[in-house]
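Student: Sharing entry_0.txt, compact mmCIF, C-alpha atoms:
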# COMPACT_ATOMS: atom_id res chain seq x y z
CA MET A 1 0.00 0.00 0.00
CA LEU A 2 1.25 3.48 -0.82
CA SER A 3 1.76 6.04 1.89
CA PRO A 4 -0.37 9.23 1.82
CA MET A 5 2.65 11.19 0.58
CA THR A 6 3.10 8.92 -2.46
CA ASP A 7 -0.59 8.47 -3.23
CA PRO A 8 -1.52 10.56 -6.24
CA ILE A 9 -4.14 13.24 -5.68
CA ILE A 10 -7.21 12.95 -7.88
CA HIS A 11 -7.22 16.26 -9.74
CA SER A 12 -10.41 15.50 -11.67
CA ARG A 13 -12.65 12.52 -12.33
CA ALA A 14 -12.66 13.31 -16.05
CA PRO A 15 -9.83 13.38 -18.58
CA LYS A 16 -8.49 16.57 -20.09
CA VAL A 17 -8.71 16.44 -23.88
CA VAL A 18 -5.93 18.47 -25.46
CA ASP A 19 -4.60 19.08 -28.97
CA LEU A 20 -0.88 18.39 -28.83
CA ALA A 21 1.74 19.44 -31.33
CA PRO A 22 4.75 17.20 -31.96
CA GLY A 23 7.16 17.42 -29.05
CA ASP A 24 8.14 16.09 -25.65
CA TYR A 25 5.77 16.40 -22.71
CA ALA A 26 5.75 15.57 -18.98
CA TRP A 27 2.39 14.37 -17.58
CA CYS A 28 1.73 15.06 -13.91
CA ALA A 29 1.47 11.72 -12.10
CA CYS A 30 1.05 13.15 -8.58
CA GLY A 31 -2.00 15.41 -9.08
CA ARG A 32 -0.29 18.34 -7.35
CA SER A 33 0.66 20.38 -10.44
CA ALA A 34 -1.04 23.74 -10.94
CA ASN A 35 -0.59 23.19 -14.68
CA GLN A 36 -2.76 20.05 -15.05
CA PRO A 37 -2.43 17.67 -16.74
CA PHE A 38 1.22 18.62 -17.19
CA CYS A 39 4.00 18.58 -14.61
CA ASP A 40 5.18 21.81 -12.97
CA GLY A 41 7.59 20.20 -10.48
CA ALA A 42 5.13 20.06 -7.56
CA HIS A 43 5.88 16.34 -7.11
CA LYS A 44 9.25 17.04 -5.47
CA GLY A 45 9.47 15.21 -2.17
CA THR A 46 6.49 12.94 -2.86
CA GLY A 47 8.31 9.92 -4.26
CA LEU A 48 6.31 10.31 -7.48
CA ALA A 49 7.71 11.39 -10.84
CA PRO A 50 6.15 12.74 -14.02
CA VAL A 51 5.61 10.46 -17.01
CA ARG A 52 7.52 11.73 -20.01
CA PHE A 53 6.06 11.08 -23.46
CA THR A 54 6.62 12.16 -27.04
CA ILE A 55 4.07 13.13 -29.66
CA THR A 56 5.30 12.65 -33.24
CA THR A 57 2.26 13.92 -35.16
CA PRO A 58 -0.33 16.54 -34.15
CA GLN A 59 -3.17 14.79 -32.32
CA LYS A 60 -6.01 15.12 -29.85
CA VAL A 61 -5.25 13.18 -26.66
CA ALA A 62 -7.38 12.45 -23.58
CA LEU A 63 -4.94 12.75 -20.69
CA CYS A 64 -5.80 11.19 -17.34
CA CYS A 65 -6.57 13.61 -14.51
CA CYS A 66 -7.56 11.05 -11.86
CA LYS A 67 -3.95 9.79 -11.88
CA HIS A 68 -5.01 6.13 -11.59
CA THR A 69 -4.99 5.08 -15.26
CA ALA A 70 -3.15 1.91 -16.25
CA ASP A 71 -2.35 3.53 -19.64
CA ARG A 72 -0.32 6.46 -18.32
CA PRO A 73 -0.62 9.24 -19.42
CA ARG A 74 -3.76 8.45 -21.42
CA CYS A 75 -7.17 8.06 -19.83
CA ASP A 76 -8.45 4.47 -19.69
CA GLY A 77 -11.74 5.19 -17.92
CA THR A 78 -10.52 4.23 -14.43
CA HIS A 79 -12.01 7.51 -13.09
CA ARG A 80 -15.47 5.92 -13.44
CA THR A 81 -14.64 3.41 -10.69
CA LEU A 82 -13.06 5.74 -8.12
Can the structure from this file be put into structure tokens for me?
Tutor:
Amino acid sequence: MLSPMTDPIIHSRAPKVVDLAPGDYAWCACGRSANQPFCDGAHKGTGLAPVRFTITTPQKVALCCCKHTADRPRCDGTHRTL
């Protein structure tokens, strides 16, 4: 079992759908970022780290905001069961 410090905070029980240009991104895995769903460094000291991912073609992506997806960083619908 995770400790309260390493448990991700549920930012939202719905994904954030964003249009992403090609590039490198860092998805917030802790739920503490003020720049959801992207990392702003707020995870420091939590034992959690952002998930880095690369987009190669422009695309619309549903990024998880409940932080419990098994398909990090993409939403897999887990928020419906929390």
Student: Would you work out the distance separating atom CA of Leu63 of chain A from atom CA of Cys28 of chain A, expressed in Å to one decimal?
Tutor: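 Answer for the atom CA of Leu63 of chain A to atom CA of Cys28 of chain A separation: 9.8 Å.
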Student: Smallest atom-to-atom distance to Thr54 of chain A: which of A:Pro22, A:Gly41, A:Gly31, A:Pro8, using only C-alpha atoms?
Tutor: A:Pro22
Student: Check the smallest atom-to-atom distance from each of A:Cys66, A:Pro73, A:Asp7, A:Gly45 to Tyr25 of chain A using all atoms listed in the file, then report the winner.
Tutor: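 Closest to Tyr25 of chain A, using all atoms listed in the file: A:Pro73.
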Student: Just the residues within 10 Å of Val18 of chain A, please, counting all atoms listed in the file, with nothing from its chain fewer than 3 positions along; format it as a PyMOL selection string.
Tutor: chain A and resi 15+21+37+59-63
Student: For atom CA of Asp19 of chain A and atom CA of Cys39 of chain A, quote the distance in Å rounded to one decimal.
Tutor: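 Separation of atom CA of Asp19 of chain A and atom CA of Cys39 of chain A: 16.7 Å.
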Student: Give as a PyMOL selection string the set of residues within 10 Å of the point (-14.3, 15.4, -13.1), where distances use the file's coordinates and only C-alpha atoms.
Tutor: chain A and resi 10-16+65-66+79-80
Student: With only C-alpha atoms as the atoms that count, which of A:Thr46, A:Thr78, A:Thr56, A:Thr69 lies nearest to Arg32 of chain A?
Tutor: A:Thr46
Student: When you draw a straight line from atom CA of Ala29 of chain A to atom CA of Leu48 of chain A, how long is it in Å?
Tutor: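 Value for the atom CA of Ala29 of chain A-atom CA of Leu48 of chain A distance: 6.8 Å.
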Student: Taking into account all atoms listed in the file, which residue in the set A:Asn35, A:Ala26, A:Ile55, A:Leu82 is nearest to His68 of chain A?
Tutor: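 Smallest separation from His68 of chain A among the options: A:Leu82.
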Student: Atoms are missing here; could segment 44-65 of chain A be completed with N, CA and C atoms and written as a tab-separated table (two decimals), keeping the file's coordinate frame?
Tutor:
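Saved to selection-v2.tsv:
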chain	number	residue	atom	x	y	z
A	44	LYS	N	8.00	17.16	-6.23
A	44	LYS	CA	9.25	17.04	-5.47
A	44	LYS	C	8.98	16.71	-4.01
A	45	GLY	N	9.63	15.65	-3.54
A	45	GLY	CA	9.47	15.21	-2.17
A	45	GLY	C	8.35	14.20	-1.96
A	46	THR	N	7.62	13.87	-3.02
A	46	THR	CA	6.49	12.94	-2.86
A	46	THR	C	6.84	11.50	-3.16
A	47	GLY	N	7.97	11.28	-3.83
A	47	GLY	CA	8.31	9.92	-4.26
A	47	GLY	C	7.68	9.58	-5.60
A	48	LEU	N	6.93	10.51	-6.17
A	48	LEU	CA	6.31	10.31	-7.48
A	48	LEU	C	7.07	11.12	-8.52
A	49	ALA	N	7.00	10.70	-9.76
A	49	ALA	CA	7.71	11.39	-10.84
A	49	ALA	C	6.78	11.53	-12.03
A	50	PRO	N	6.98	12.56	-12.84
A	50	PRO	CA	6.15	12.74	-14.02
A	50	PRO	C	6.42	11.62	-15.04
A	51	VAL	N	5.46	11.41	-15.91
A	51	VAL	CA	5.61	10.46	-17.01
A	51	VAL	C	5.94	11.27	-18.25
A	52	ARG	N	7.09	11.02	-18.80
A	52	ARG	CA	7.52	11.73	-20.01
A	52	ARG	C	7.03	10.96	-21.23
A	53	PHE	N	6.53	11.71	-22.22
A	53	PHE	CA	6.06	11.08	-23.46
A	53	PHE	C	6.31	12.00	-24.63
A	54	THR	N	6.33	11.42	-25.82
A	54	THR	CA	6.62	12.16	-27.04
A	54	THR	C	5.46	12.01	-28.01
A	55	ILE	N	5.08	13.11	-28.61
A	55	ILE	CA	4.07	13.13	-29.66
A	55	ILE	C	4.81	13.38	-30.97
A	56	THR	N	4.58	12.51	-31.97
A	56	THR	CA	5.30	12.65	-33.24
A	56	THR	C	4.46	13.31	-34.34
A	57	THR	N	3.14	13.26	-34.20
A	57	THR	CA	2.26	13.92	-35.16
A	57	THR	C	1.20	14.69	-34.37
A	58	PRO	N	0.71	15.80	-34.88
A	58	PRO	CA	-0.33	16.54	-34.15
A	58	PRO	C	-1.52	15.63	-33.89
A	59	GLN	N	-2.04	15.66	-32.67
A	59	GLN	CA	-3.17	14.79	-32.32
A	59	GLN	C	-3.91	15.28	-31.09
A	60	LYS	N	-5.17	14.86	-31.02
A	60	LYS	CA	-6.01	15.12	-29.85
A	60	LYS	C	-5.83	13.94	-28.91
A	61	VAL	N	-5.53	14.23	-27.64
A	61	VAL	CA	-5.25	13.18	-26.66
A	61	VAL	C	-6.08	13.43	-25.41
A	62	ALA	N	-6.66	12.36	-24.86
A	62	ALA	CA	-7.38	12.45	-23.58
A	62	ALA	C	-6.40	12.03	-22.49
A	63	LEU	N	-5.90	13.02	-21.74
A	63	LEU	CA	-4.94	12.75	-20.69
A	63	LEU	C	-5.65	12.55	-19.35
A	64	CYS	N	-5.20	11.55	-18.62
A	64	CYS	CA	-5.80	11.19	-17.34
A	64	CYS	C	-5.60	12.30	-16.32
A	65	CYS	N	-6.66	12.62	-15.61
A	65	CYS	CA	-6.57	13.61	-14.51
A	65	CYS	C	-6.89	12.99	-13.15
